[in-house]
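Student: This is target_13.pdb (PDB, C-alpha atoms).
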```pdb
MODEL        1
ATOM      1  CA  MET N   1     218.205   5.183 124.649
ATOM      2  CA  ASN N   2     215.700   2.661 123.265
ATOM      3  CA  ARG N   3     214.270   4.097 120.048
ATOM      4  CA  SER N   4     210.665   3.290 120.963
ATOM      5  CA  ARG N   5     211.058   5.017 124.336
ATOM      6  CA  LEU N   6     212.570   8.084 122.664
ATOM      7  CA  TYR N   7     209.631   8.174 120.268
ATOM      8  CA  GLU N   8     207.153   7.992 123.170
ATOM      9  CA  GLN N   9     209.003  10.715 125.093
ATOM     10  CA  VAL N  10     209.024  13.155 122.172
ATOM     11  CA  LEU N  11     205.327  12.495 121.575
ATOM     12  CA  ALA N  12     204.638  13.120 125.270
ATOM     13  CA  GLN N  13     206.704  16.337 125.189
ATOM     14  CA  LEU N  14     204.754  17.606 122.197
ATOM     15  CA  ARG N  15     201.428  16.879 123.909
ATOM     16  CA  GLU N  16     202.640  18.647 127.062
ATOM     17  CA  HIS N  17     203.744  21.667 125.023
ATOM     18  CA  ILE N  18     200.327  21.913 123.337
ATOM     19  CA  ALA N  19     198.596  21.719 126.727
ATOM     20  CA  ALA N  20     200.984  24.194 128.389
ATOM     21  CA  GLU N  21     200.469  26.744 125.617
ATOM     22  CA  GLY N  22     196.703  26.372 125.935
ATOM     23  CA  LEU N  23     196.289  25.597 122.247
ATOM     24  CA  ARG N  24     192.728  24.804 121.221
ATOM     25  CA  THR N  25     190.995  23.442 118.133
ATOM     26  CA  GLY N  26     191.967  25.474 115.063
ATOM     27  CA  ASP N  27     195.150  26.896 116.594
ATOM     28  CA  ARG N  28     198.378  26.622 114.648
ATOM     29  CA  LEU N  29     201.370  24.804 116.098
ATOM     30  CA  PRO N  30     204.845  26.369 115.883
ATOM     31  CA  PRO N  31     206.957  25.294 112.877
ATOM     32  CA  GLU N  32     208.809  21.988 113.268
ATOM     33  CA  ARG N  33     212.167  23.743 113.501
ATOM     34  CA  ARG N  34     210.897  25.902 116.367
ATOM     35  CA  LEU N  35     209.318  22.921 118.134
ATOM     36  CA  ALA N  36     212.608  21.042 117.894
ATOM     37  CA  GLU N  37     214.348  23.970 119.623
ATOM     38  CA  LEU N  38     211.675  24.277 122.314
ATOM     39  CA  LEU N  39     211.642  20.543 123.082
ATOM     40  CA  GLY N  40     215.397  20.075 122.742
ATOM     41  CA  VAL N  41     215.091  17.234 120.230
ATOM     42  CA  SER N  42     215.856  16.722 116.569
ATOM     43  CA  ARG N  43     213.557  18.016 113.853
ATOM     44  CA  ALA N  44     213.161  14.444 112.600
ATOM     45  CA  SER N  45     211.846  13.386 116.022
ATOM     46  CA  VAL N  46     209.335  16.242 115.969
ATOM     47  CA  LYS N  47     208.225  15.192 112.490
ATOM     48  CA  GLN N  48     207.590  11.644 113.715
ATOM     49  CA  ALA N  49     205.533  12.920 116.647
ATOM     50  CA  VAL N  50     203.477  15.183 114.373
ATOM     51  CA  VAL N  51     202.813  12.262 112.007
ATOM     52  CA  ALA N  52     201.620  10.192 114.979
ATOM     53  CA  LEU N  53     199.267  12.962 116.114
ATOM     54  CA  GLU N  54     197.995  13.353 112.551
ATOM     55  CA  SER N  55     197.246   9.623 112.323
ATOM     56  CA  GLU N  56     195.249   9.932 115.567
ATOM     57  CA  GLY N  57     193.257  12.844 114.155
ATOM     58  CA  VAL N  58     194.642  15.279 116.738
ATOM     59  CA  VAL N  59     196.327  17.600 114.218
ATOM     60  CA  GLN N  60     195.991  18.405 110.538
ATOM     61  CA  VAL N  61     199.101  19.083 108.453
ATOM     62  CA  CYS N  62     198.435  21.640 105.710
ATOM     63  CA  HIS N  63     201.569  21.510 103.563
ATOM     64  CA  GLY N  64     202.907  24.988 102.987
ATOM     65  CA  ASN N  65     200.527  26.432 105.573
ATOM     66  CA  GLY N  66     201.472  24.802 108.867
ATOM     67  CA  THR N  67     200.046  22.269 111.313
ATOM     68  CA  TYR N  68     196.745  22.915 113.087
ATOM     69  CA  LEU N  69     195.033  21.343 116.089
ATOM     70  CA  ARG N  70     191.931  19.450 114.942
ATOM     71  CA  THR N  71     190.671  18.609 118.422
ATOM     72  CA  ASP N  72     191.412  19.721 121.949
ATOM     73  CA  LEU N  73     193.806  17.452 123.803
ATOM     74  CA  ASP N  74     191.234  17.195 126.597
ATOM     75  CA  ALA N  75     188.984  15.367 124.145
ATOM     76  CA  ALA N  76     191.748  13.390 122.445
ATOM     77  CA  GLY N  77     193.502  12.407 125.667
ATOM     78  CA  ALA N  78     196.356  14.560 126.963
ATOM     79  CA  GLN N  79     198.376  11.686 128.375
ATOM     80  CA  PRO N  80     200.950   9.969 126.168
ATOM     81  CA  ARG N  81     200.195   6.446 125.049
ATOM     82  CA  THR N  82     202.124   3.697 126.759
ATOM     83  CA  GLY N  83     202.461  -0.075 126.489
ATOM     84  CA  ARG N  84     200.323  -1.649 123.808
ATOM     85  CA  ASP N  85     198.801   1.700 122.857
ATOM     86  CA  ALA N  86     202.249   2.984 121.911
ATOM     87  CA  ALA N  87     202.586   0.098 119.467
ATOM     88  CA  GLU N  88     199.151   0.890 118.042
ATOM     89  CA  THR N  89     200.246   4.485 117.524
ATOM     90  CA  ALA N  90     203.301   3.253 115.645
ATOM     91  CA  VAL N  91     201.111   1.067 113.414
ATOM     92  CA  GLU N  92     198.860   4.039 112.642
ATOM     93  CA  ALA N  93     201.846   6.230 111.821
ATOM     94  CA  HIS N  94     203.350   3.515 109.627
ATOM     95  CA  ARG N  95     200.118   3.128 107.649
ATOM     96  CA  ALA N  96     199.723   6.880 107.170
ATOM     97  CA  LEU N  97     203.289   7.187 105.896
ATOM     98  CA  GLU N  98     203.059   4.240 103.492
ATOM     99  CA  VAL N  99     199.818   5.616 102.010
ATOM    100  CA  LYS N 100     201.401   9.039 101.522
ATOM    101  CA  LEU N 101     204.500   7.491  99.947
ATOM    102  CA  ALA N 102     202.329   5.559  97.479
ATOM    103  CA  GLU N 103     200.640   8.819  96.475
ATOM    104  CA  LEU N 104     204.005  10.531  96.044
ATOM    105  CA  ALA N 105     205.323   7.581  94.030
ATOM    106  CA  ALA N 106     202.464   8.062  91.556
ATOM    107  CA  ARG N 107     203.496  11.694  91.166
ATOM    108  CA  ASN N 108     207.284  11.407  91.241
ATOM    109  CA  ARG N 109     208.197   7.990  89.786
ATOM    110  CA  GLY N 110     210.590   7.742  86.874
ATOM    111  CA  ASP N 111     211.192   5.086  84.244
ATOM    112  CA  SER N 112     213.720   3.237  86.404
ATOM    113  CA  ASP N 113     211.227   3.169  89.288
ATOM    114  CA  LEU N 114     208.561   1.643  87.053
ATOM    115  CA  ALA N 115     211.014  -0.995  85.882
ATOM    116  CA  SER N 116     211.665  -1.963  89.508
ATOM    117  CA  LEU N 117     208.014  -1.866  90.581
ATOM    118  CA  ASP N 118     206.722  -4.328  87.975
ATOM    119  CA  PRO N 119     208.740  -7.410  89.047
ATOM    120  CA  ALA N 120     208.502  -6.455  92.729
ATOM    121  CA  ALA N 121     204.691  -6.336  92.535
ATOM    122  CA  THR N 122     204.308  -9.828  91.057
ATOM    123  CA  ALA N 123     206.773 -11.562  93.405
ATOM    124  CA  ASN N 124     205.756 -13.464  96.526
ATOM    125  CA  GLY N 125     207.313 -14.474  99.834
ATOM    126  CA  GLN N 126     207.847 -12.502 103.056
ATOM    127  CA  GLY N 127     211.167 -10.858 102.179
ATOM    128  CA  ILE N 128     210.106 -10.089  98.629
ATOM    129  CA  LEU N 129     206.812  -8.589  99.800
ATOM    130  CA  GLU N 130     208.695  -6.174 102.015
ATOM    131  CA  HIS N 131     210.951  -5.406  99.044
ATOM    132  CA  PHE N 132     207.892  -4.104  97.172
ATOM    133  CA  HIS N 133     207.165  -1.591  99.936
ATOM    134  CA  GLU N 134     210.777  -0.468  99.856
ATOM    135  CA  THR N 135     210.520  -0.040  96.084
ATOM    136  CA  VAL N 136     207.448   2.188  96.515
ATOM    137  CA  ARG N 137     209.299   4.284  99.103
ATOM    138  CA  GLU N 138     212.185   4.763  96.698
ATOM    139  CA  ALA N 139     209.814   5.694  93.859
ATOM    140  CA  ALA N 140     208.332   8.480  96.004
ATOM    141  CA  HIS N 141     211.717  10.276  95.907
ATOM    142  CA  ASN N 142     211.248  11.635  99.415
ATOM    143  CA  PRO N 143     214.059  10.127 101.528
ATOM    144  CA  LEU N 144     212.894  11.808 104.733
ATOM    145  CA  LEU N 145     209.386  10.316 104.626
ATOM    146  CA  ALA N 146     210.845   6.966 103.568
ATOM    147  CA  ASP N 147     213.104   6.951 106.640
ATOM    148  CA  PHE N 148     210.146   7.800 108.875
ATOM    149  CA  ALA N 149     208.166   4.902 107.382
ATOM    150  CA  ARG N 150     211.009   2.469 108.043
ATOM    151  CA  GLU N 151     211.383   3.657 111.641
ATOM    152  CA  ALA N 152     207.623   3.569 112.274
ATOM    153  CA  ALA N 153     207.575  -0.016 111.009
ATOM    154  CA  GLU N 154     210.301  -0.881 113.532
ATOM    155  CA  TYR N 155     208.238   0.551 116.399
ATOM    156  CA  ALA N 156     205.242  -1.618 115.504
ATOM    157  CA  GLU N 157     204.861  -4.950 117.280
ATOM    158  CA  SER N 158     204.046  -6.882 114.092
ATOM    159  CA  PRO N 159     205.879  -6.909 110.739
ATOM    160  CA  PRO N 160     204.397  -4.578 108.072
ATOM    161  CA  CYS N 161     203.893  -7.342 105.498
ATOM    162  CA  GLU N 162     202.372 -10.725 106.186
ATOM    163  CA  PRO N 163     202.376 -13.346 103.412
ATOM    164  CA  ARG N 164     198.751 -14.228 102.571
ATOM    165  CA  SER N 165     198.813 -16.991  99.919
ATOM    166  CA  GLY N 166     199.355 -14.675  96.968
ATOM    167  CA  SER N 167     196.656 -12.135  97.807
ATOM    168  CA  ALA N 168     199.253  -9.551  98.871
ATOM    169  CA  ALA N 169     200.976  -9.874  95.482
ATOM    170  CA  ALA N 170     197.657  -9.126  93.759
ATOM    171  CA  GLU N 171     197.211  -6.059  95.969
ATOM    172  CA  HIS N 172     200.752  -4.969  95.144
ATOM    173  CA  ALA N 173     199.956  -5.286  91.453
ATOM    174  CA  ARG N 174     197.001  -2.898  91.832
ATOM    175  CA  ILE N 175     199.174  -0.412  93.714
ATOM    176  CA  ALA N 176     201.879  -0.628  91.040
ATOM    177  CA  GLU N 177     199.303  -0.150  88.295
ATOM    178  CA  ALA N 178     197.977   3.019  89.932
ATOM    179  CA  ILE N 179     201.519   4.340  90.424
ATOM    180  CA  ALA N 180     202.417   3.599  86.790
ATOM    181  CA  ALA N 181     199.268   5.423  85.650
ATOM    182  CA  GLY N 182     200.124   8.428  87.813
ATOM    183  CA  HIS N 183     196.881   8.137  89.796
ATOM    184  CA  ALA N 184     197.986   9.347  93.233
ATOM    185  CA  HIS N 185     194.603   9.056  94.954
ATOM    186  CA  THR N 186     194.057   5.517  93.697
ATOM    187  CA  ALA N 187     197.585   4.473  94.664
ATOM    188  CA  GLY N 188     197.044   5.736  98.202
ATOM    189  CA  LEU N 189     193.638   4.070  98.418
ATOM    190  CA  GLU N 190     194.991   0.717  97.214
ATOM    191  CA  MET N 191     197.892   0.942  99.652
ATOM    192  CA  ALA N 192     195.470   1.657 102.529
ATOM    193  CA  ARG N 193     193.339  -1.341 101.538
ATOM    194  CA  HIS N 194     196.419  -3.537 101.316
ATOM    195  CA  LEU N 195     197.717  -2.523 104.756
ATOM    196  CA  ASN N 196     194.277  -2.985 106.309
ATOM    197  CA  ALA N 197     194.075  -6.483 104.814
ATOM    198  CA  SER N 198     197.581  -7.284 106.089
ATOM    199  CA  ALA N 199     196.500  -6.443 109.629
ATOM    200  CA  HIS N 200     193.829  -9.163 109.668
TER
ENDMDL
END
```
Here is the file; what I need is its structure written in the form of structure tokens.
Tutor:
Amino acid sequence: MNRSRLYEQVLAQLREHIAAEGLRTGDRLPPERRLAELLGVSRASVKQAVVALESEGVVQVCHGNGTYLRTDLDAAGAQPRTGRDAAETAVEAHRALEVKLAELAARNRGDSDLASLDPAATANGQGILEHFHETVREAAHNPLLADFAREAAEYAESPPCEPRSGSAAAEHARIAEAIAAGHAHTAGLEMARHLNASAH
């Protein structure tokens, strides 16, 4: 099955489950493992769907305390996104994941990660720019989130990194500096600014 269609179907199933259970704002969703069993899909697929809903502001993930509905589906739109909207959802999920990975990289990076980040941040060119994002994902030391980010990027209609006459390299340098300093919030903020600039 086409990966993008599978992604849309799992997202639709999750929305239908929330509606069928009558969950309202503030209610807690079942754990991912339980949702995977109920929907008959993999836990990784459920995680991707939850990330998409979080990027839309439908749910809030409280690590260690579960996932909660932030708004009723009636208000957010109970129908799954299709066509161009599905691609927009993928872009939102990709951005949310890359920002989180930058924050984690600032917390979890080691000496070898820093050695890789420095030259990757100052390089230029389409392939090399994407290499920087891959280096950040590796520095986060969370393979599961890194895989989700790669898959979300594949679902998007446009490539995650567009060469912009050296400006992207300067943005990468600021991200790398924040990661090296261990400033998670700043790293995430700089990554968000970079991805927003790349979209225009």
Student: Hey, what's within 12 Å of His185 in chain N if we count all atoms listed in the file and toss same-chain stuff fewer than 3 positions away? As a ChimeraX atom specification, please?
Tutor: /N:99-107,175,178-179,181-182,188-192
Student: Nearest to Ala184 in chain N: which of N:Ala115, N:Ala140, N:Val51, N:Leu29 is it, counting all atoms listed in the file?
Tutor: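 Closest candidate: N:Ala140.
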Student: Grab the CA of Asn65 in chain N to CA of Val136 in chain N distance for me, in Å with one decimal place.
Tutor: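 Computing the Euclidean distance for CA of Asn65 in chain N and CA of Val136 in chain N yields 26.8 Å.
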Student: For CA of Arg70 in chain N and CA of Ser55 in chain N, quote the distance in Å rounded to one decimal.
Tutor: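 If I compute the distance from CA of Arg70 in chain N to CA of Ser55 in chain N, I get 11.5 Å.
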Student: Quick one: distance from CA of Leu97 in chain N to CA of His17 in chain N in Å, one decimal?
Tutor: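 Between CA of Leu97 in chain N and CA of His17 in chain N the gap is 24.0 Å.
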Student: Quick one: which residues end up in the PyMOL selection byres ((chain N and resi 28) around 9) for this structure, as a short mmCIF file (atom, residue, chain, number, x, y, z; two decimals) with C-alpha atoms, keeping the file's coordinate frame?
Tutor:
```
data_model
loop_
_atom_site.label_atom_id
_atom_site.label_comp_id
_atom_site.auth_asym_id
_atom_site.auth_seq_id
_atom_site.Cartn_x
_atom_site.Cartn_y
_atom_site.Cartn_z
CA LEU N 23 196.29 25.60 122.25
CA ARG N 24 192.73 24.80 121.22
CA THR N 25 191.00 23.44 118.13
CA GLY N 26 191.97 25.47 115.06
CA ASP N 27 195.15 26.90 116.59
CA LEU N 29 201.37 24.80 116.10
CA PRO N 30 204.84 26.37 115.88
CA PRO N 31 206.96 25.29 112.88
CA GLY N 66 201.47 24.80 108.87
CA THR N 67 200.05 22.27 111.31
CA TYR N 68 196.74 22.92 113.09
CA LEU N 69 195.03 21.34 116.09
#
```
Student: Could you tell me which residues the PyMOL selection byres ((chain N and resi 116) around 12) returns for this structure, as number ranges by chain?
Tutor: N: 109-115, 117-123, 131-139, 176, 179-180
Student: Show me, as a list in words, the residues that have an atom within 10 Å of Val41 in chain N when counting all atoms listed in the file, minus same-chain residues fewer than 6 positions from it.
Tutor: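 My reading of the contact set: Leu6, Val10, Gln13, Arg33 and Leu35 of chain N.
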Student: Just checking: using only C-alpha atoms, which residue out of N:Asp72, N:Glu32, N:Glu177, N:Glu130 ends up closest to Val50 in chain N?
Tutor: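 The answer is N:Glu32, which sits nearest to Val50 in chain N.
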Student: Find the residues around Arg193 in chain N up to 12 Å (only C-alpha atoms counted), leave out those fewer than 5 positions away in its own chain, and share them as a PDB file with C-alpha atoms, in the frame of the given file.
Tutor:
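For reference, selection_29.pdb as written:
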```
ATOM      1  CA  ARG N  95     200.118   3.128 107.649  1.00  0.00           C
ATOM      2  CA  ALA N  96     199.723   6.880 107.170  1.00  0.00           C
ATOM      3  CA  GLU N  98     203.059   4.240 103.492  1.00  0.00           C
ATOM      4  CA  VAL N  99     199.818   5.616 102.010  1.00  0.00           C
ATOM      5  CA  SER N 167     196.656 -12.135  97.807  1.00  0.00           C
ATOM      6  CA  ALA N 168     199.253  -9.551  98.871  1.00  0.00           C
ATOM      7  CA  ALA N 170     197.657  -9.126  93.759  1.00  0.00           C
ATOM      8  CA  GLU N 171     197.211  -6.059  95.969  1.00  0.00           C
ATOM      9  CA  HIS N 172     200.752  -4.969  95.144  1.00  0.00           C
ATOM     10  CA  ARG N 174     197.001  -2.898  91.832  1.00  0.00           C
ATOM     11  CA  ILE N 175     199.174  -0.412  93.714  1.00  0.00           C
ATOM     12  CA  THR N 186     194.057   5.517  93.697  1.00  0.00           C
ATOM     13  CA  ALA N 187     197.585   4.473  94.664  1.00  0.00           C
ATOM     14  CA  GLY N 188     197.044   5.736  98.202  1.00  0.00           C
ATOM     15  CA  SER N 198     197.581  -7.284 106.089  1.00  0.00           C
ATOM     16  CA  ALA N 199     196.500  -6.443 109.629  1.00  0.00           C
ATOM     17  CA  HIS N 200     193.829  -9.163 109.668  1.00  0.00           C
TER      18      HIS N 200
END
```
Student: Taking all atoms of range 181-190 of chain N that appear in the file, build a box with edges along x, y and z, extend it by 3 Å on every side, and state its centre and edge lengths in Å to one decimal, as AutoDock Vina command-line options.
Tutor:
```
--center_x 196.9 --center_y 5.0 --center_z 92.0 --size_x 12.5 --size_y 14.6 --size_z 18.8
```
Student: Which one of N:Leu39, N:Ala19, N:Glu54, N:His94 sits closest to Leu145 in chain N if you count all atoms listed in the file?
Tutor: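 Checking each of N:Leu39, N:Ala19, N:Glu54, N:His94 against Leu145 in chain N, counting all atoms listed in the file, the winner is N:His94.
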